[in-house]
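*Asks:* Before anything else, here's the structure in question.
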Amino acid sequence: MNRAVRRATLAVADAATEGLDLVTVVIGGAIGAWAGYTYSPDTWSGDWRLALAGGIAVVAAVAVNSLAELFLTPLRRLLTKARSTARPTTTRRRTAPATLSEGLAQAAVATEGDAASRAASAAWRIDQGEGFLRDEDRWRGYEDGEASFFLAPGVWLHYRSTKNEFGHHNPEFVLLTGDGDQPVPITNVQEIRHQLAARAADLPAAPATDDTEDKVADTIAELDTHLKALEA
């Protein structure tokens, strides 16, 4: 398949799976609200009927979304595999553990690998250009389910998953530094570029402000000039 067509297809599929997740919540909530209001006793006041409809809407939204996750999760994994560059791999057959310690060690390694895979899979939310953040081999997973991606000396992108109000896990990405700075939330690759440029200008890794925008912009312009000179 042509690379451009492949990327476009995967982008549409990513958007579709993300949209389906939201649609299931909306549909479930709408059905619950309609059922709750329609079948509530006519003798109740309008406020009580609306309150019942709202409660049933929340329950229905969670239930329908949970059912949809049974189908969306395998689909997301297929998309992650499709995005990966095909390369020959060797299968490593693990022997059955002879002791509890060996079993724990294997589970720890598997947990770290799973965390790295989840981080690379969730990275499409902030790196939709088929960029380097989706390279699973560059993610370092940990036993607590979190993972980190080395960006530059002293700078890491950290991944973790938190539960939302519906009980589902939402990925979070923050920028960490070795200087003890506060973690900086990251929502797109452009923010990573800004932070690296800020550090190149000897500015702290922090959210952009009016005071730092000009200095960062000058640094980015200088970096672009150097890159163009190297490519010439």
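Simple scheme: letters A, B, ... for chains in structure tokens order, numbers from 1 for residues in each chain, numbers from 1 for ligands in the order shown.
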What lies within 12 Å of stretch 107-109 of chain A using only C-alpha atoms, ignoring chain neighbours under 6 positions off, as a list in words?
*Replies:*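 Listing them by chain and then by number gives Arg94, Ala96, Pro97, Leu100, Ser101, Ala115, Ala116, Arg140, Gly141, Tyr142, Glu143, Asp144 and Gly145 of chain A.
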*Asks:* Convert the current residue selection to file output with N, CA and C atoms, as a PDB file, in the first residue's frame.
*Replies:*
ATOM      1  N   ARG A  94       9.915 -18.592  26.464  1.00  0.00           N
ATOM      2  CA  ARG A  94      10.250 -18.568  27.878  1.00  0.00           C
ATOM      3  C   ARG A  94       9.892 -19.906  28.516  1.00  0.00           C
ATOM      4  N   ALA A  96       8.874 -22.387  31.620  1.00  0.00           N
ATOM      5  CA  ALA A  96       7.998 -22.262  32.775  1.00  0.00           C
ATOM      6  C   ALA A  96       8.843 -22.064  34.032  1.00  0.00           C
ATOM      7  N   PRO A  97       8.443 -21.137  34.897  1.00  0.00           N
ATOM      8  CA  PRO A  97       9.243 -20.875  36.103  1.00  0.00           C
ATOM      9  C   PRO A  97       9.250 -22.078  37.040  1.00  0.00           C
ATOM     10  N   LEU A 100       8.723 -19.563  42.663  1.00  0.00           N
ATOM     11  CA  LEU A 100       7.895 -18.365  42.726  1.00  0.00           C
ATOM     12  C   LEU A 100       8.699 -17.130  42.346  1.00  0.00           C
ATOM     13  N   SER A 101       9.962 -17.096  42.732  1.00  0.00           N
ATOM     14  CA  SER A 101      10.811 -15.954  42.405  1.00  0.00           C
ATOM     15  C   SER A 101      10.990 -15.815  40.894  1.00  0.00           C
ATOM     16  N   ALA A 115       3.814  -1.943  29.781  1.00  0.00           N
ATOM     17  CA  ALA A 115       3.755  -0.504  30.006  1.00  0.00           C
ATOM     18  C   ALA A 115       4.346   0.265  28.823  1.00  0.00           C
ATOM     19  N   ALA A 116       5.465  -0.224  28.285  1.00  0.00           N
ATOM     20  CA  ALA A 116       6.081   0.428  27.126  1.00  0.00           C
ATOM     21  C   ALA A 116       5.163   0.363  25.916  1.00  0.00           C
ATOM     22  N   ARG A 140      10.658   3.077  27.901  1.00  0.00           N
ATOM     23  CA  ARG A 140      11.136   2.242  29.008  1.00  0.00           C
ATOM     24  C   ARG A 140       9.986   2.066  29.988  1.00  0.00           C
ATOM     25  N   GLY A 141       9.467   0.831  30.071  1.00  0.00           N
ATOM     26  CA  GLY A 141       8.348   0.563  30.950  1.00  0.00           C
ATOM     27  C   GLY A 141       8.802   0.232  32.365  1.00  0.00           C
ATOM     28  N   TYR A 142       7.900   0.439  33.308  1.00  0.00           N
ATOM     29  CA  TYR A 142       8.190   0.149  34.713  1.00  0.00           C
ATOM     30  C   TYR A 142       7.106  -0.764  35.284  1.00  0.00           C
ATOM     31  N   GLU A 143       7.411  -1.369  36.421  1.00  0.00           N
ATOM     32  CA  GLU A 143       6.507  -2.355  37.007  1.00  0.00           C
ATOM     33  C   GLU A 143       5.206  -1.738  37.500  1.00  0.00           C
ATOM     34  N   ASP A 144       5.179  -0.432  37.731  1.00  0.00           N
ATOM     35  CA  ASP A 144       3.951   0.207  38.194  1.00  0.00           C
ATOM     36  C   ASP A 144       3.040   0.611  37.039  1.00  0.00           C
ATOM     37  N   GLY A 145       3.413   0.220  35.804  1.00  0.00           N
ATOM     38  CA  GLY A 145       2.572   0.517  34.649  1.00  0.00           C
ATOM     39  C   GLY A 145       2.893   1.833  33.971  1.00  0.00           C
TER      40      GLY A 145
END
*Asks:* Find the distance between atom CA of A:Gly32 and atom CA of A:Val58 and write it in Å to one decimal.
*Replies:*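 Answer for the atom CA of A:Gly32 to atom CA of A:Val58 separation: 7.4 Å.
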*Asks:* Can you tell me which residues surround A:Pro171 at a distance of at most 7 Å, considering only C-alpha atoms, apart from same-chain residues fewer than 5 positions away, and format the answer as a ChimeraX atom specification?
*Replies:* /A:122,159-162
*Asks:* Could you please take those selected residues and save C-alpha atoms as a short mmCIF file (atom, residue, chain, number, x, y, z; two decimals), in the first residue's frame?
*Replies:*
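Writing the result to again28.cif gives the following:
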data_model
loop_
_atom_site.label_atom_id
_atom_site.label_comp_id
_atom_site.auth_asym_id
_atom_site.auth_seq_id
_atom_site.Cartn_x
_atom_site.Cartn_y
_atom_site.Cartn_z
CA ALA A 122 -1.37 5.98 23.55
CA TYR A 159 3.52 8.35 30.66
CA ARG A 160 0.95 7.18 33.14
CA SER A 161 -2.72 6.20 33.04
CA THR A 162 -5.41 7.61 35.32
#
*Asks:* In terms of the shortest atom-to-atom distance over only C-alpha atoms, which of A:Gln190, A:Ser121, A:Thr24, A:Gln182 is closest to A:Leu133?
*Replies:*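 So, comparing all the options, the nearest one is A:Ser121.
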*Asks:* Excluding same-chain residues fewer than 5 positions from A:Arg49, what lies within 7 Å of it counting only C-alpha atoms, as a list in words?
*Replies:*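 Contacts, with the query itself left out: Tyr37, Ser40 and Trp44 of chain A.
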*Asks:* Restricting the calculation to only C-alpha atoms, which member of A:Ala147, A:Ala61, A:Ala98, A:Leu67 is positioned closest to A:Gly29?
*Replies:*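 So, comparing all the options, the nearest one is A:Ala61.
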*Asks:* Find the distance between atom CA of A:Leu52 and atom CA of A:His168 and write it in Å to one decimal.
*Replies:*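 Rounded to one decimal, the two atoms are 23.7 Å apart.
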*Asks:* Run DSSP on the backbone and grab whatever in stretch 87-172 of chain A lands in strand (DSSP E); send it over as a PDB file with all heavy atoms, in the first residue's frame.
*Replies:*
ATOM      1  N   TRP A 139      10.589   3.388  24.391  1.00  0.00           N
ATOM      2  CA  TRP A 139       9.901   3.575  25.666  1.00  0.00           C
ATOM      3  C   TRP A 139      10.470   2.599  26.690  1.00  0.00           C
ATOM      4  O   TRP A 139      10.708   1.437  26.392  1.00  0.00           O
ATOM      5  CB  TRP A 139       8.403   3.343  25.515  1.00  0.00           C
ATOM      6  CG  TRP A 139       7.670   4.487  24.892  1.00  0.00           C
ATOM      7  CD1 TRP A 139       7.315   4.628  23.590  1.00  0.00           C
ATOM      8  CD2 TRP A 139       7.199   5.657  25.564  1.00  0.00           C
ATOM      9  NE1 TRP A 139       6.655   5.811  23.389  1.00  0.00           N
ATOM     10  CE2 TRP A 139       6.565   6.472  24.587  1.00  0.00           C
ATOM     11  CE3 TRP A 139       7.241   6.104  26.889  1.00  0.00           C
ATOM     12  CZ2 TRP A 139       5.988   7.698  24.909  1.00  0.00           C
ATOM     13  CZ3 TRP A 139       6.671   7.329  27.202  1.00  0.00           C
ATOM     14  CH2 TRP A 139       6.048   8.105  26.211  1.00  0.00           C
ATOM     15  N   ARG A 140      10.658   3.077  27.901  1.00  0.00           N
ATOM     16  CA  ARG A 140      11.136   2.242  29.008  1.00  0.00           C
ATOM     17  C   ARG A 140       9.986   2.066  29.988  1.00  0.00           C
ATOM     18  O   ARG A 140       9.537   3.006  30.624  1.00  0.00           O
ATOM     19  CB  ARG A 140      12.327   2.922  29.696  1.00  0.00           C
ATOM     20  CG  ARG A 140      12.753   2.273  31.020  1.00  0.00           C
ATOM     21  CD  ARG A 140      13.385   0.912  30.787  1.00  0.00           C
ATOM     22  NE  ARG A 140      14.039   0.412  31.979  1.00  0.00           N
ATOM     23  CZ  ARG A 140      13.433  -0.300  32.949  1.00  0.00           C
ATOM     24  NH1 ARG A 140      12.142  -0.590  32.835  1.00  0.00           N
ATOM     25  NH2 ARG A 140      14.096  -0.722  33.993  1.00  0.00           N
ATOM     26  N   GLY A 141       9.467   0.831  30.071  1.00  0.00           N
ATOM     27  CA  GLY A 141       8.348   0.563  30.950  1.00  0.00           C
ATOM     28  C   GLY A 141       8.802   0.232  32.365  1.00  0.00           C
ATOM     29  O   GLY A 141       9.934  -0.220  32.589  1.00  0.00           O
ATOM     30  N   ALA A 147       5.732   4.609  32.146  1.00  0.00           N
ATOM     31  CA  ALA A 147       6.830   4.465  31.185  1.00  0.00           C
ATOM     32  C   ALA A 147       7.444   5.835  30.915  1.00  0.00           C
ATOM     33  O   ALA A 147       6.811   6.870  31.161  1.00  0.00           O
ATOM     34  CB  ALA A 147       6.336   3.833  29.886  1.00  0.00           C
ATOM     35  N   SER A 148       8.671   5.845  30.407  1.00  0.00           N
ATOM     36  CA  SER A 148       9.348   7.098  30.088  1.00  0.00           C
ATOM     37  C   SER A 148      10.043   6.995  28.739  1.00  0.00           C
ATOM     38  O   SER A 148      10.427   5.909  28.298  1.00  0.00           O
ATOM     39  CB  SER A 148      10.359   7.461  31.189  1.00  0.00           C
ATOM     40  OG  SER A 148      11.350   6.447  31.304  1.00  0.00           O
ATOM     41  N   PHE A 149      10.191   8.141  28.091  1.00  0.00           N
ATOM     42  CA  PHE A 149      10.786   8.237  26.762  1.00  0.00           C
ATOM     43  C   PHE A 149      11.898   9.288  26.838  1.00  0.00           C
ATOM     44  O   PHE A 149      11.652  10.454  27.146  1.00  0.00           O
ATOM     45  CB  PHE A 149       9.716   8.660  25.753  1.00  0.00           C
ATOM     46  CG  PHE A 149      10.145   8.632  24.320  1.00  0.00           C
ATOM     47  CD1 PHE A 149       9.778   7.570  23.495  1.00  0.00           C
ATOM     48  CD2 PHE A 149      10.893   9.664  23.773  1.00  0.00           C
ATOM     49  CE1 PHE A 149      10.156   7.548  22.159  1.00  0.00           C
ATOM     50  CE2 PHE A 149      11.276   9.638  22.446  1.00  0.00           C
ATOM     51  CZ  PHE A 149      10.908   8.577  21.631  1.00  0.00           C
ATOM     52  N   PHE A 150      13.137   8.861  26.565  1.00  0.00           N
ATOM     53  CA  PHE A 150      14.285   9.770  26.633  1.00  0.00           C
ATOM     54  C   PHE A 150      14.242  10.724  25.446  1.00  0.00           C
ATOM     55  O   PHE A 150      14.290  10.299  24.291  1.00  0.00           O
ATOM     56  CB  PHE A 150      15.577   8.958  26.630  1.00  0.00           C
ATOM     57  CG  PHE A 150      16.827   9.798  26.659  1.00  0.00           C
ATOM     58  CD1 PHE A 150      17.277  10.348  27.842  1.00  0.00           C
ATOM     59  CD2 PHE A 150      17.544  10.033  25.492  1.00  0.00           C
ATOM     60  CE1 PHE A 150      18.432  11.122  27.880  1.00  0.00           C
ATOM     61  CE2 PHE A 150      18.697  10.801  25.511  1.00  0.00           C
ATOM     62  CZ  PHE A 150      19.139  11.351  26.706  1.00  0.00           C
ATOM     63  N   LEU A 151      14.147  12.032  25.732  1.00  0.00           N
ATOM     64  CA  LEU A 151      14.071  13.040  24.679  1.00  0.00           C
ATOM     65  C   LEU A 151      15.421  13.690  24.411  1.00  0.00           C
ATOM     66  O   LEU A 151      15.794  13.926  23.264  1.00  0.00           O
ATOM     67  CB  LEU A 151      13.055  14.125  25.057  1.00  0.00           C
ATOM     68  CG  LEU A 151      11.584  13.695  25.075  1.00  0.00           C
ATOM     69  CD1 LEU A 151      10.733  14.781  25.717  1.00  0.00           C
ATOM     70  CD2 LEU A 151      11.095  13.411  23.660  1.00  0.00           C
ATOM     71  N   ALA A 152      16.119  14.004  25.484  1.00  0.00           N
ATOM     72  CA  ALA A 152      17.423  14.670  25.389  1.00  0.00           C
ATOM     73  C   ALA A 152      18.083  14.530  26.754  1.00  0.00           C
ATOM     74  O   ALA A 152      17.422  14.176  27.731  1.00  0.00           O
ATOM     75  CB  ALA A 152      17.249  16.141  25.002  1.00  0.00           C
ATOM     76  N   VAL A 155      16.140  15.267  30.007  1.00  0.00           N
ATOM     77  CA  VAL A 155      14.720  15.517  29.705  1.00  0.00           C
ATOM     78  C   VAL A 155      14.055  14.214  29.285  1.00  0.00           C
ATOM     79  O   VAL A 155      14.522  13.533  28.372  1.00  0.00           O
ATOM     80  CB  VAL A 155      14.547  16.564  28.575  1.00  0.00           C
ATOM     81  CG1 VAL A 155      13.076  16.929  28.413  1.00  0.00           C
ATOM     82  CG2 VAL A 155      15.369  17.809  28.866  1.00  0.00           C
ATOM     83  N   TRP A 156      12.943  13.879  29.949  1.00  0.00           N
ATOM     84  CA  TRP A 156      12.188  12.677  29.641  1.00  0.00           C
ATOM     85  C   TRP A 156      10.708  13.010  29.491  1.00  0.00           C
ATOM     86  O   TRP A 156      10.187  13.908  30.149  1.00  0.00           O
ATOM     87  CB  TRP A 156      12.318  11.626  30.746  1.00  0.00           C
ATOM     88  CG  TRP A 156      13.690  11.097  30.958  1.00  0.00           C
ATOM     89  CD1 TRP A 156      14.238   9.969  30.432  1.00  0.00           C
ATOM     90  CD2 TRP A 156      14.714  11.683  31.768  1.00  0.00           C
ATOM     91  NE1 TRP A 156      15.534   9.810  30.848  1.00  0.00           N
ATOM     92  CE2 TRP A 156      15.851  10.848  31.670  1.00  0.00           C
ATOM     93  CE3 TRP A 156      14.783  12.826  32.558  1.00  0.00           C
ATOM     94  CZ2 TRP A 156      17.034  11.131  32.340  1.00  0.00           C
ATOM     95  CZ3 TRP A 156      15.956  13.116  33.228  1.00  0.00           C
ATOM     96  CH2 TRP A 156      17.063  12.262  33.115  1.00  0.00           C
ATOM     97  N   LEU A 157      10.051  12.266  28.626  1.00  0.00           N
ATOM     98  CA  LEU A 157       8.593  12.324  28.533  1.00  0.00           C
ATOM     99  C   LEU A 157       8.059  11.143  29.335  1.00  0.00           C
ATOM    100  O   LEU A 157       8.450   9.999  29.096  1.00  0.00           O
ATOM    101  CB  LEU A 157       8.138  12.222  27.074  1.00  0.00           C
ATOM    102  CG  LEU A 157       6.616  12.300  26.851  1.00  0.00           C
ATOM    103  CD1 LEU A 157       6.098  13.686  27.211  1.00  0.00           C
ATOM    104  CD2 LEU A 157       6.278  11.959  25.398  1.00  0.00           C
ATOM    105  N   HIS A 158       7.202  11.419  30.294  1.00  0.00           N
ATOM    106  CA  HIS A 158       6.708  10.368  31.189  1.00  0.00           C
ATOM    107  C   HIS A 158       5.237  10.087  30.907  1.00  0.00           C
ATOM    108  O   HIS A 158       4.440  11.003  30.680  1.00  0.00           O
ATOM    109  CB  HIS A 158       6.886  10.783  32.645  1.00  0.00           C
ATOM    110  CG  HIS A 158       6.696   9.658  33.611  1.00  0.00           C
ATOM    111  ND1 HIS A 158       7.644   8.670  33.805  1.00  0.00           N
ATOM    112  CD2 HIS A 158       5.657   9.336  34.410  1.00  0.00           C
ATOM    113  CE1 HIS A 158       7.201   7.809  34.708  1.00  0.00           C
ATOM    114  NE2 HIS A 158       5.993   8.184  35.082  1.00  0.00           N
ATOM    115  N   TYR A 159       4.899   8.803  30.917  1.00  0.00           N
ATOM    116  CA  TYR A 159       3.518   8.350  30.657  1.00  0.00           C
ATOM    117  C   TYR A 159       2.947   7.653  31.880  1.00  0.00           C
ATOM    118  O   TYR A 159       3.637   6.904  32.574  1.00  0.00           O
ATOM    119  CB  TYR A 159       3.503   7.381  29.471  1.00  0.00           C
ATOM    120  CG  TYR A 159       2.300   6.457  29.434  1.00  0.00           C
ATOM    121  CD1 TYR A 159       1.110   6.855  28.836  1.00  0.00           C
ATOM    122  CD2 TYR A 159       2.361   5.185  30.012  1.00  0.00           C
ATOM    123  CE1 TYR A 159       0.012   6.011  28.815  1.00  0.00           C
ATOM    124  CE2 TYR A 159       1.264   4.336  29.986  1.00  0.00           C
ATOM    125  CZ  TYR A 159       0.094   4.751  29.383  1.00  0.00           C
ATOM    126  OH  TYR A 159      -0.997   3.916  29.365  1.00  0.00           O
ATOM    127  N   ARG A 160       1.695   7.930  32.146  1.00  0.00           N
ATOM    128  CA  ARG A 160       0.953   7.177  33.145  1.00  0.00           C
ATOM    129  C   ARG A 160      -0.520   7.185  32.748  1.00  0.00           C
ATOM    130  O   ARG A 160      -0.943   7.972  31.885  1.00  0.00           O
ATOM    131  CB  ARG A 160       1.118   7.762  34.544  1.00  0.00           C
ATOM    132  CG  ARG A 160       0.440   9.117  34.748  1.00  0.00           C
ATOM    133  CD  ARG A 160       0.469   9.516  36.201  1.00  0.00           C
ATOM    134  NE  ARG A 160      -0.245  10.776  36.404  1.00  0.00           N
ATOM    135  CZ  ARG A 160      -0.545  11.260  37.603  1.00  0.00           C
ATOM    136  NH1 ARG A 160      -0.178  10.600  38.682  1.00  0.00           N
ATOM    137  NH2 ARG A 160      -1.199  12.401  37.709  1.00  0.00           N
ATOM    138  N   SER A 161      -1.298   6.318  33.352  1.00  0.00           N
ATOM    139  CA  SER A 161      -2.717   6.199  33.039  1.00  0.00           C
ATOM    140  C   SER A 161      -3.529   6.439  34.297  1.00  0.00           C
ATOM    141  O   SER A 161      -3.240   5.877  35.355  1.00  0.00           O
ATOM    142  CB  SER A 161      -3.016   4.802  32.469  1.00  0.00           C
ATOM    143  OG  SER A 161      -4.387   4.688  32.142  1.00  0.00           O
ATOM    144  N   THR A 162      -4.547   7.313  34.190  1.00  0.00           N
ATOM    145  CA  THR A 162      -5.411   7.611  35.322  1.00  0.00           C
ATOM    146  C   THR A 162      -6.864   7.326  34.950  1.00  0.00           C
ATOM    147  O   THR A 162      -7.229   7.359  33.768  1.00  0.00           O
ATOM    148  CB  THR A 162      -5.283   9.081  35.747  1.00  0.00           C
ATOM    149  OG1 THR A 162      -5.629   9.927  34.624  1.00  0.00           O
ATOM    150  CG2 THR A 162      -3.868   9.395  36.182  1.00  0.00           C
ATOM    151  N   LYS A 163      -7.685   7.064  35.946  1.00  0.00           N
ATOM    152  CA  LYS A 163      -9.095   6.767  35.702  1.00  0.00           C
ATOM    153  C   LYS A 163      -9.913   8.055  35.619  1.00  0.00           C
ATOM    154  O   LYS A 163      -9.709   8.980  36.389  1.00  0.00           O
ATOM    155  CB  LYS A 163      -9.650   5.871  36.814  1.00  0.00           C
ATOM    156  CG  LYS A 163      -9.225   4.416  36.717  1.00  0.00           C
ATOM    157  CD  LYS A 163      -9.974   3.566  37.735  1.00  0.00           C
ATOM    158  CE  LYS A 163      -9.606   2.091  37.581  1.00  0.00           C
ATOM    159  NZ  LYS A 163     -10.344   1.231  38.541  1.00  0.00           N
ATOM    160  N   HIS A 169      -9.514   4.341  31.739  1.00  0.00           N
ATOM    161  CA  HIS A 169      -8.169   4.881  31.900  1.00  0.00           C
ATOM    162  C   HIS A 169      -7.871   5.917  30.821  1.00  0.00           C
ATOM    163  O   HIS A 169      -8.093   5.685  29.629  1.00  0.00           O
ATOM    164  CB  HIS A 169      -7.136   3.759  31.838  1.00  0.00           C
ATOM    165  CG  HIS A 169      -7.201   2.842  33.031  1.00  0.00           C
ATOM    166  ND1 HIS A 169      -6.522   3.091  34.199  1.00  0.00           N
ATOM    167  CD2 HIS A 169      -7.881   1.689  33.238  1.00  0.00           C
ATOM    168  CE1 HIS A 169      -6.768   2.140  35.072  1.00  0.00           C
ATOM    169  NE2 HIS A 169      -7.587   1.265  34.516  1.00  0.00           N
ATOM    170  N   ASN A 170      -7.363   7.058  31.244  1.00  0.00           N
ATOM    171  CA  ASN A 170      -6.940   8.114  30.335  1.00  0.00           C
ATOM    172  C   ASN A 170      -5.429   8.268  30.407  1.00  0.00           C
ATOM    173  O   ASN A 170      -4.859   8.353  31.503  1.00  0.00           O
ATOM    174  CB  ASN A 170      -7.591   9.453  30.709  1.00  0.00           C
ATOM    175  CG  ASN A 170      -9.035   9.527  30.286  1.00  0.00           C
ATOM    176  OD1 ASN A 170      -9.469   8.801  29.398  1.00  0.00           O
ATOM    177  ND2 ASN A 170      -9.794  10.384  30.939  1.00  0.00           N
ATOM    178  N   PRO A 171      -4.745   8.281  29.267  1.00  0.00           N
ATOM    179  CA  PRO A 171      -3.288   8.450  29.289  1.00  0.00           C
ATOM    180  C   PRO A 171      -2.915   9.890  29.589  1.00  0.00           C
ATOM    181  O   PRO A 171      -3.584  10.833  29.148  1.00  0.00           O
ATOM    182  CB  PRO A 171      -2.874   8.046  27.874  1.00  0.00           C
ATOM    183  CG  PRO A 171      -4.074   8.347  27.033  1.00  0.00           C
ATOM    184  CD  PRO A 171      -5.264   8.088  27.907  1.00  0.00           C
ATOM    185  N   GLU A 172      -1.853  10.079  30.361  1.00  0.00           N
ATOM    186  CA  GLU A 172      -1.331  11.406  30.657  1.00  0.00           C
ATOM    187  C   GLU A 172       0.158  11.423  30.343  1.00  0.00           C
ATOM    188  O   GLU A 172       0.885  10.483  30.674  1.00  0.00           O
ATOM    189  CB  GLU A 172      -1.552  11.769  32.128  1.00  0.00           C
ATOM    190  CG  GLU A 172      -3.006  11.976  32.501  1.00  0.00           C
ATOM    191  CD  GLU A 172      -3.162  12.411  33.954  1.00  0.00           C
ATOM    192  OE1 GLU A 172      -2.132  12.471  34.668  1.00  0.00           O
ATOM    193  OE2 GLU A 172      -4.305  12.673  34.375  1.00  0.00           O
TER     194      GLU A 172
END
*Asks:* Would you compute the distance between atom CA of A:Ala30 and atom CA of A:Asp42? Give it in Å to one decimal.
*Replies:*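 One can read the atom CA of A:Ala30 to atom CA of A:Asp42 distance as 20.0 Å.
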*Asks:* Could you check which of A:Asn164, A:Asn188, A:Thr95, A:Ser117 is closest to A:Gly129, using only C-alpha atoms?
*Replies:*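 When distances to A:Gly129 are compared using only C-alpha atoms, the smallest one comes from A:Asn188.
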